Amino acid sequence: MSFRVALMTDETGWHTGRLKKAFRARDVEARCVDLAACRIDTTWKPHGLAIPGFGHTLPDAVFVRGIAGGTFEQVTLRLGILHALRESGVPVYNDARAIERSVDKSMTSFLLNRYGVPTPATWAGESPAYAQRVLMREAAAGRQVVMKPLFGSQGKGLMKPGVSLPPLDAFSQVAYLQRFVDAGEPGFDWRVLVIGGQAVAAMKRIGGEDWIHNFARGARCEPAEPTPTLADIAVRATAALGLDYAGVDLIAAEGGGPVVLEVNGVAAWRGLQSVTTLDIAALLVDDLLDRKCVASKGALALASGDERV
């Protein structure tokens, strides 16, 4: 029976097309599956998990390309499916715990700081009064603050509130504040792609909408060398969150080296692919099959007492 991979995604398109092509080149069958269509069913023998397209069996591995938004309960169940697959011995790339850490910006900031990865000063809490004091204190020191949704990507919902805290209704009653790093004009940041503990490619994102340098917001992509400093910081940021692969966003701090703004655990790479000759999808597939799956097989063998790895 051929090796079968579930490509978890809520939409098909450029990224899933590239991944399926890369899997085919390795003689691997990859099927797109929406996590919303999966279910926990303890009567569904033998695993108690029903994954569309796989009958009563489980995939040999899972590649998480996208998780649709929804209610708190819906997202919890979808992540629960990924947790259940991992508990069932299926290699999940990236797994649910790592994705949870990267999706929650406050936990990302906490872990980066805890493991000594340079990142801007950050505050996250539910108290409007405390958040207002942070804004006033930073303003008094001549600094600006960026306010971000706790969950979100592609630069959506970011704002610089000045000295007056906006109502938290639009931010789900959570104030996530990060010290603003001025990139100048037109301004740029770096996206570094880390796969399997190696910084494999990088680009500069120049311009965009105002001070937000996202490819989805009109930034221009240019190739960049993942210098030893950029590579080291990006790799350490990825490891701090326990990710197999990640898109790490960095910016040059005034008078200092690069600092990490965000770590993307379900990273898109269309912009980066446009400025590199590397086949990023192939690199991701190779890392899943040659490192993640091999390591998982070895761990299962050791757990079962089988010394033949």
# chains A, B, ... in the order shown; residues from 1 in each chain; ligands from 1
>>> closest_atom_pairs(of="segment 137-198 of chain A", to="segment 105-129 of chain A", cutoff="8 Å", atoms="only C-alpha atoms", output="JSON lines")
{"residue": "A:Leu150", "atom": "CA", "partner": "A:Lys105", "partner_atom": "CA", "distance": 5.4}
{"residue": "A:Phe151", "atom": "CA", "partner": "A:Lys105", "partner_atom": "CA", "distance": 6.7}
{"residue": "A:Leu165", "atom": "CA", "partner": "A:Pro128", "partner_atom": "CA", "distance": 7.5}
{"residue": "A:Leu168", "atom": "CA", "partner": "A:Pro128", "partner_atom": "CA", "distance": 7.6}
{"residue": "A:Gln173", "atom": "CA", "partner": "A:Glu126", "partner_atom": "CA", "distance": 6.2}
{"residue": "A:Val174", "atom": "CA", "partner": "A:Glu126", "partner_atom": "CA", "distance": 4.8}
{"residue": "A:Ala175", "atom": "CA", "partner": "A:Gly125", "partner_atom": "CA", "distance": 5.5}
{"residue": "A:Tyr176", "atom": "CA", "partner": "A:Ala124", "partner_atom": "CA", "distance": 4.3}
{"residue": "A:Leu177", "atom": "CA", "partner": "A:Trp123", "partner_atom": "CA", "distance": 5.1}
{"residue": "A:Gln178", "atom": "CA", "partner": "A:Thr122", "partner_atom": "CA", "distance": 4.4}
{"residue": "A:Arg179", "atom": "CA", "partner": "A:Ala121", "partner_atom": "CA", "distance": 5.5}
{"residue": "A:Phe180", "atom": "CA", "partner": "A:Pro120", "partner_atom": "CA", "distance": 7.6}
{"residue": "A:Val181", "atom": "CA", "partner": "A:Pro120", "partner_atom": "CA", "distance": 7.6}
>>> write_last_selection(atoms="C-alpha atoms", output="compact mmCIF listing (two decimals), in the first residue's frame")
# COMPACT_ATOMS: atom_id res chain seq x y z
CA LEU A 150 -4.30 38.29 19.41
CA PHE A 151 -5.19 35.97 16.52
CA LEU A 165 -6.62 53.15 23.85
CA LEU A 168 -11.35 46.57 23.00
CA GLN A 173 -11.56 42.32 24.75
CA VAL A 174 -7.81 41.63 24.75
CA ALA A 175 -5.12 44.30 24.49
CA TYR A 176 -1.98 42.97 22.79
CA LEU A 177 0.56 45.79 22.57
CA GLN A 178 4.03 45.67 21.08
CA ARG A 179 6.65 48.40 21.00
CA PHE A 180 6.84 49.83 17.48
CA VAL A 181 10.09 49.39 15.58
>>> atom_distance(atom1="atom CA of Phe23 of chain A", atom2="atom CA of Asp60 of chain A")
12.9 Å
>>> closest_atom_pairs(of="segment 37-142 of chain A", to="segment 1-10 of chain A", cutoff="6 Å", atoms="only C-alpha atoms", output="tab-separated table")
residue	atom	partner	partner_atom	distance
A:Pro59	CA	A:Val5	CA	5.5
A:Asp60	CA	A:Arg4	CA	5.4
A:Ala61	CA	A:Val5	CA	4.9
A:Val62	CA	A:Ala6	CA	4.8
A:Phe63	CA	A:Leu7	CA	4.9
A:Val64	CA	A:Met8	CA	4.8
A:Arg65	CA	A:Thr9	CA	5.1
A:Gly66	CA	A:Thr9	CA	4.3
A:Ala68	CA	A:Asp10	CA	5.5
>>> select_by_dssp(residues="segment 70-250 of chain A", states="alpha helix (DSSP H)", output="ChimeraX atom specification")
/A:72-87,96-103,105-114,128-140,228-240
>>> closest_residue(among="A:Leu250, A:Ala131, A:Ala30, A:Ala25", to="Glu262 of chain A", atoms="only C-alpha atoms")
A:Leu250
>>> closest_residue(among="A:Leu272, A:Ile280, A:Leu241, A:Val163", to="Trp190 of chain A", atoms="only C-alpha atoms")
A:Leu272
>>> select_by_dssp(residues="segment 2-190 of chain A", states="strand (DSSP E or B)", output="PyMOL selection string")
chain A and resi 4-8+29-33+39-40+49-50+61-64+92-93+122-125+145-148+159+175-179+188-190
>>> residues_around(residues="Trp44 of chain A", least_positions_apart="5", cutoff="10 Å", atoms="only C-alpha atoms", output="NGL selection string")
:A and (39 or 49-50 or 55-57)
>>> atom_distance(atom1="atom CA of Val194 of chain A", atom2="atom CA of Ala231 of chain A")
8.2 Å
>>> atom_distance(atom1="atom CA of Ala199 of chain A", atom2="atom CA of Gly256 of chain A")
21.1 Å
>>> closest_residue(among="A:Gly13, A:Pro226, A:Gly80, A:Gly142", to="Asp95 of chain A", atoms="only C-alpha atoms")
A:Gly80
>>> closest_residue(among="A:Leu135, A:Ala268, A:Ala224, A:Ile195", to="Val285 of chain A", atoms="only C-alpha atoms")
A:Ile195
>>> closest_residue(among="A:Gln273, A:Thr43, A:Gln144, A:Ser164", to="Arg191 of chain A", atoms="only C-alpha atoms")
A:Gln273
>>> residues_around(residues="Asn264 of chain A", least_positions_apart="2", cutoff="12 Å", atoms="only C-alpha atoms", output="VMD selection string")
chain A and resid 65 to 66 94 98 to 105 108 151 to 154 191 to 194 234 237 to 238 241 to 250 260 to 262 266 to 269
>>> closest_residue(among="A:Ile40, A:Arg143, A:Ala201, A:Ala295", to="Leu79 of chain A", atoms="only C-alpha atoms")
A:Ile40
>>> decode(residues="segment 242-278 of chain A", atoms="N, CA, C and O atoms", output="mmCIF file, in the first residue's frame")
data_model
loop_
_atom_site.group_PDB
_atom_site.id
_atom_site.type_symbol
_atom_site.label_atom_id
_atom_site.label_comp_id
_atom_site.auth_asym_id
_atom_site.auth_seq_id
_atom_site.Cartn_x
_atom_site.Cartn_y
_atom_site.Cartn_z
ATOM 1 N N GLY A 242 8.591 25.169 19.093
ATOM 2 C CA GLY A 242 8.463 23.755 18.802
ATOM 3 C C GLY A 242 7.940 23.452 17.416
ATOM 4 O O GLY A 242 7.316 22.416 17.184
ATOM 5 N N LEU A 243 8.235 24.321 16.440
ATOM 6 C CA LEU A 243 7.723 24.165 15.084
ATOM 7 C C LEU A 243 8.678 23.363 14.201
ATOM 8 O O LEU A 243 9.898 23.496 14.313
ATOM 9 N N ASP A 244 8.117 22.548 13.322
ATOM 10 C CA ASP A 244 8.919 21.850 12.321
ATOM 11 C C ASP A 244 9.388 22.808 11.239
ATOM 12 O O ASP A 244 10.509 22.710 10.752
ATOM 13 N N TYR A 245 8.503 23.710 10.841
ATOM 14 C CA TYR A 245 8.859 24.736 9.858
ATOM 15 C C TYR A 245 8.123 26.012 10.228
ATOM 16 O O TYR A 245 7.089 25.969 10.917
ATOM 17 N N ALA A 246 8.652 27.146 9.816
ATOM 18 C CA ALA A 246 8.030 28.418 10.179
ATOM 19 C C ALA A 246 8.509 29.525 9.256
ATOM 20 O O ALA A 246 9.624 29.485 8.739
ATOM 21 N N GLY A 247 7.647 30.511 9.064
ATOM 22 C CA GLY A 247 8.037 31.757 8.436
ATOM 23 C C GLY A 247 8.245 32.775 9.539
ATOM 24 O O GLY A 247 7.306 33.126 10.258
ATOM 25 N N VAL A 248 9.481 33.212 9.720
ATOM 26 C CA VAL A 248 9.828 34.112 10.819
ATOM 27 C C VAL A 248 9.996 35.525 10.270
ATOM 28 O O VAL A 248 10.779 35.750 9.343
ATOM 29 N N ASP A 249 9.249 36.468 10.844
ATOM 30 C CA ASP A 249 9.309 37.861 10.424
ATOM 31 C C ASP A 249 10.204 38.639 11.376
ATOM 32 O O ASP A 249 9.962 38.655 12.595
ATOM 33 N N LEU A 250 11.230 39.291 10.813
ATOM 34 C CA LEU A 250 12.185 40.052 11.607
ATOM 35 C C LEU A 250 12.306 41.465 11.056
ATOM 36 O O LEU A 250 12.063 41.710 9.871
ATOM 37 N N ILE A 251 12.722 42.376 11.927
ATOM 38 C CA ILE A 251 12.935 43.759 11.517
ATOM 39 C C ILE A 251 14.171 44.281 12.227
ATOM 40 O O ILE A 251 14.512 43.809 13.329
ATOM 41 N N ALA A 252 14.870 45.219 11.599
ATOM 42 C CA ALA A 252 16.081 45.766 12.186
ATOM 43 C C ALA A 252 15.725 46.786 13.252
ATOM 44 O O ALA A 252 15.059 47.798 12.965
ATOM 45 N N ALA A 253 16.133 46.548 14.483
ATOM 46 C CA ALA A 253 15.883 47.489 15.568
ATOM 47 C C ALA A 253 16.875 48.643 15.470
ATOM 48 O O ALA A 253 18.039 48.451 15.110
ATOM 49 N N GLU A 254 16.410 49.834 15.791
ATOM 50 C CA GLU A 254 17.270 51.016 15.715
ATOM 51 C C GLU A 254 18.451 50.866 16.677
ATOM 52 O O GLU A 254 18.268 50.640 17.876
ATOM 53 N N GLY A 255 19.651 50.948 16.119
ATOM 54 C CA GLY A 255 20.846 50.857 16.938
ATOM 55 C C GLY A 255 21.168 49.450 17.409
ATOM 56 O O GLY A 255 22.024 49.255 18.266
ATOM 57 N N GLY A 256 20.483 48.448 16.837
ATOM 58 C CA GLY A 256 20.733 47.075 17.260
ATOM 59 C C GLY A 256 20.549 46.110 16.117
ATOM 60 O O GLY A 256 20.447 46.495 14.957
ATOM 61 N N GLY A 257 20.495 44.838 16.447
ATOM 62 C CA GLY A 257 20.338 43.807 15.430
ATOM 63 C C GLY A 257 18.883 43.498 15.166
ATOM 64 O O GLY A 257 17.977 44.175 15.662
ATOM 65 N N PRO A 258 18.625 42.464 14.386
ATOM 66 C CA PRO A 258 17.246 42.093 14.050
ATOM 67 C C PRO A 258 16.486 41.586 15.275
ATOM 68 O O PRO A 258 17.059 40.961 16.171
ATOM 69 N N VAL A 259 15.190 41.884 15.291
ATOM 70 C CA VAL A 259 14.302 41.362 16.326
ATOM 71 C C VAL A 259 13.135 40.661 15.644
ATOM 72 O O VAL A 259 12.745 41.006 14.525
ATOM 73 N N VAL A 260 12.567 39.676 16.312
ATOM 74 C CA VAL A 260 11.471 38.892 15.752
ATOM 75 C C VAL A 260 10.141 39.571 16.058
ATOM 76 O O VAL A 260 9.824 39.853 17.224
ATOM 77 N N LEU A 261 9.360 39.815 15.007
ATOM 78 C CA LEU A 261 8.017 40.374 15.179
ATOM 79 C C LEU A 261 6.983 39.272 15.329
ATOM 80 O O LEU A 261 6.132 39.334 16.219
ATOM 81 N N GLU A 262 7.020 38.280 14.451
ATOM 82 C CA GLU A 262 6.044 37.203 14.480
ATOM 83 C C GLU A 262 6.678 35.911 13.988
ATOM 84 O O GLU A 262 7.671 35.930 13.254
ATOM 85 N N VAL A 263 6.060 34.798 14.378
ATOM 86 C CA VAL A 263 6.474 33.476 13.909
ATOM 87 C C VAL A 263 5.217 32.788 13.378
ATOM 88 O O VAL A 263 4.259 32.591 14.121
ATOM 89 N N ASN A 264 5.244 32.437 12.112
ATOM 90 C CA ASN A 264 4.063 31.886 11.448
ATOM 91 C C ASN A 264 4.180 30.374 11.332
ATOM 92 O O ASN A 264 5.050 29.854 10.635
ATOM 93 N N GLY A 265 3.268 29.665 12.023
ATOM 94 C CA GLY A 265 3.317 28.212 12.049
ATOM 95 C C GLY A 265 2.558 27.547 10.912
ATOM 96 O O GLY A 265 2.700 26.340 10.699
ATOM 97 N N VAL A 266 1.753 28.313 10.193
ATOM 98 C CA VAL A 266 1.102 27.814 8.977
ATOM 99 C C VAL A 266 1.455 28.837 7.893
ATOM 100 O O VAL A 266 0.603 29.572 7.389
ATOM 101 N N ALA A 267 2.734 28.890 7.579
ATOM 102 C CA ALA A 267 3.274 29.980 6.761
ATOM 103 C C ALA A 267 2.965 29.786 5.273
ATOM 104 O O ALA A 267 3.104 28.687 4.741
ATOM 105 N N ALA A 268 2.557 30.887 4.638
ATOM 106 C CA ALA A 268 2.468 30.908 3.177
ATOM 107 C C ALA A 268 3.856 31.234 2.619
ATOM 108 O O ALA A 268 4.673 31.856 3.295
ATOM 109 N N TRP A 269 4.113 30.819 1.393
ATOM 110 C CA TRP A 269 5.449 31.077 0.822
ATOM 111 C C TRP A 269 5.390 31.491 -0.649
ATOM 112 O O TRP A 269 6.397 31.450 -1.346
ATOM 113 N N ARG A 270 4.244 31.949 -1.098
ATOM 114 C CA ARG A 270 4.154 32.335 -2.512
ATOM 115 C C ARG A 270 5.061 33.511 -2.828
ATOM 116 O O ARG A 270 5.732 33.538 -3.877
ATOM 117 N N GLY A 271 5.098 34.495 -1.959
ATOM 118 C CA GLY A 271 5.984 35.629 -2.180
ATOM 119 C C GLY A 271 7.443 35.218 -2.176
ATOM 120 O O GLY A 271 8.229 35.632 -3.034
ATOM 121 N N LEU A 272 7.825 34.393 -1.211
ATOM 122 C CA LEU A 272 9.210 33.940 -1.127
ATOM 123 C C LEU A 272 9.583 33.084 -2.334
ATOM 124 O O LEU A 272 10.692 33.194 -2.864
ATOM 125 N N GLN A 273 8.657 32.248 -2.796
ATOM 126 C CA GLN A 273 8.941 31.402 -3.956
ATOM 127 C C GLN A 273 9.226 32.234 -5.197
ATOM 128 O O GLN A 273 9.997 31.813 -6.074
ATOM 129 N N SER A 274 8.638 33.437 -5.264
ATOM 130 C CA SER A 274 8.824 34.288 -6.436
ATOM 131 C C SER A 274 10.230 34.865 -6.538
ATOM 132 O O SER A 274 10.610 35.375 -7.594
ATOM 133 N N VAL A 275 11.020 34.780 -5.446
ATOM 134 C CA VAL A 275 12.352 35.386 -5.468
ATOM 135 C C VAL A 275 13.453 34.366 -5.166
ATOM 136 O O VAL A 275 14.593 34.745 -4.894
ATOM 137 N N THR A 276 13.121 33.086 -5.213
ATOM 138 C CA THR A 276 14.139 32.064 -4.995
ATOM 139 C C THR A 276 13.973 30.952 -6.021
ATOM 140 O O THR A 276 12.863 30.678 -6.488
ATOM 141 N N THR A 277 15.092 30.326 -6.374
ATOM 142 C CA THR A 277 15.051 29.201 -7.307
ATOM 143 C C THR A 277 14.801 27.882 -6.580
ATOM 144 O O THR A 277 14.587 26.848 -7.214
ATOM 145 N N LEU A 278 14.836 27.903 -5.259
ATOM 146 C CA LEU A 278 14.563 26.699 -4.490
ATOM 147 C C LEU A 278 13.103 26.287 -4.653
ATOM 148 O O LEU A 278 12.217 27.137 -4.754
#
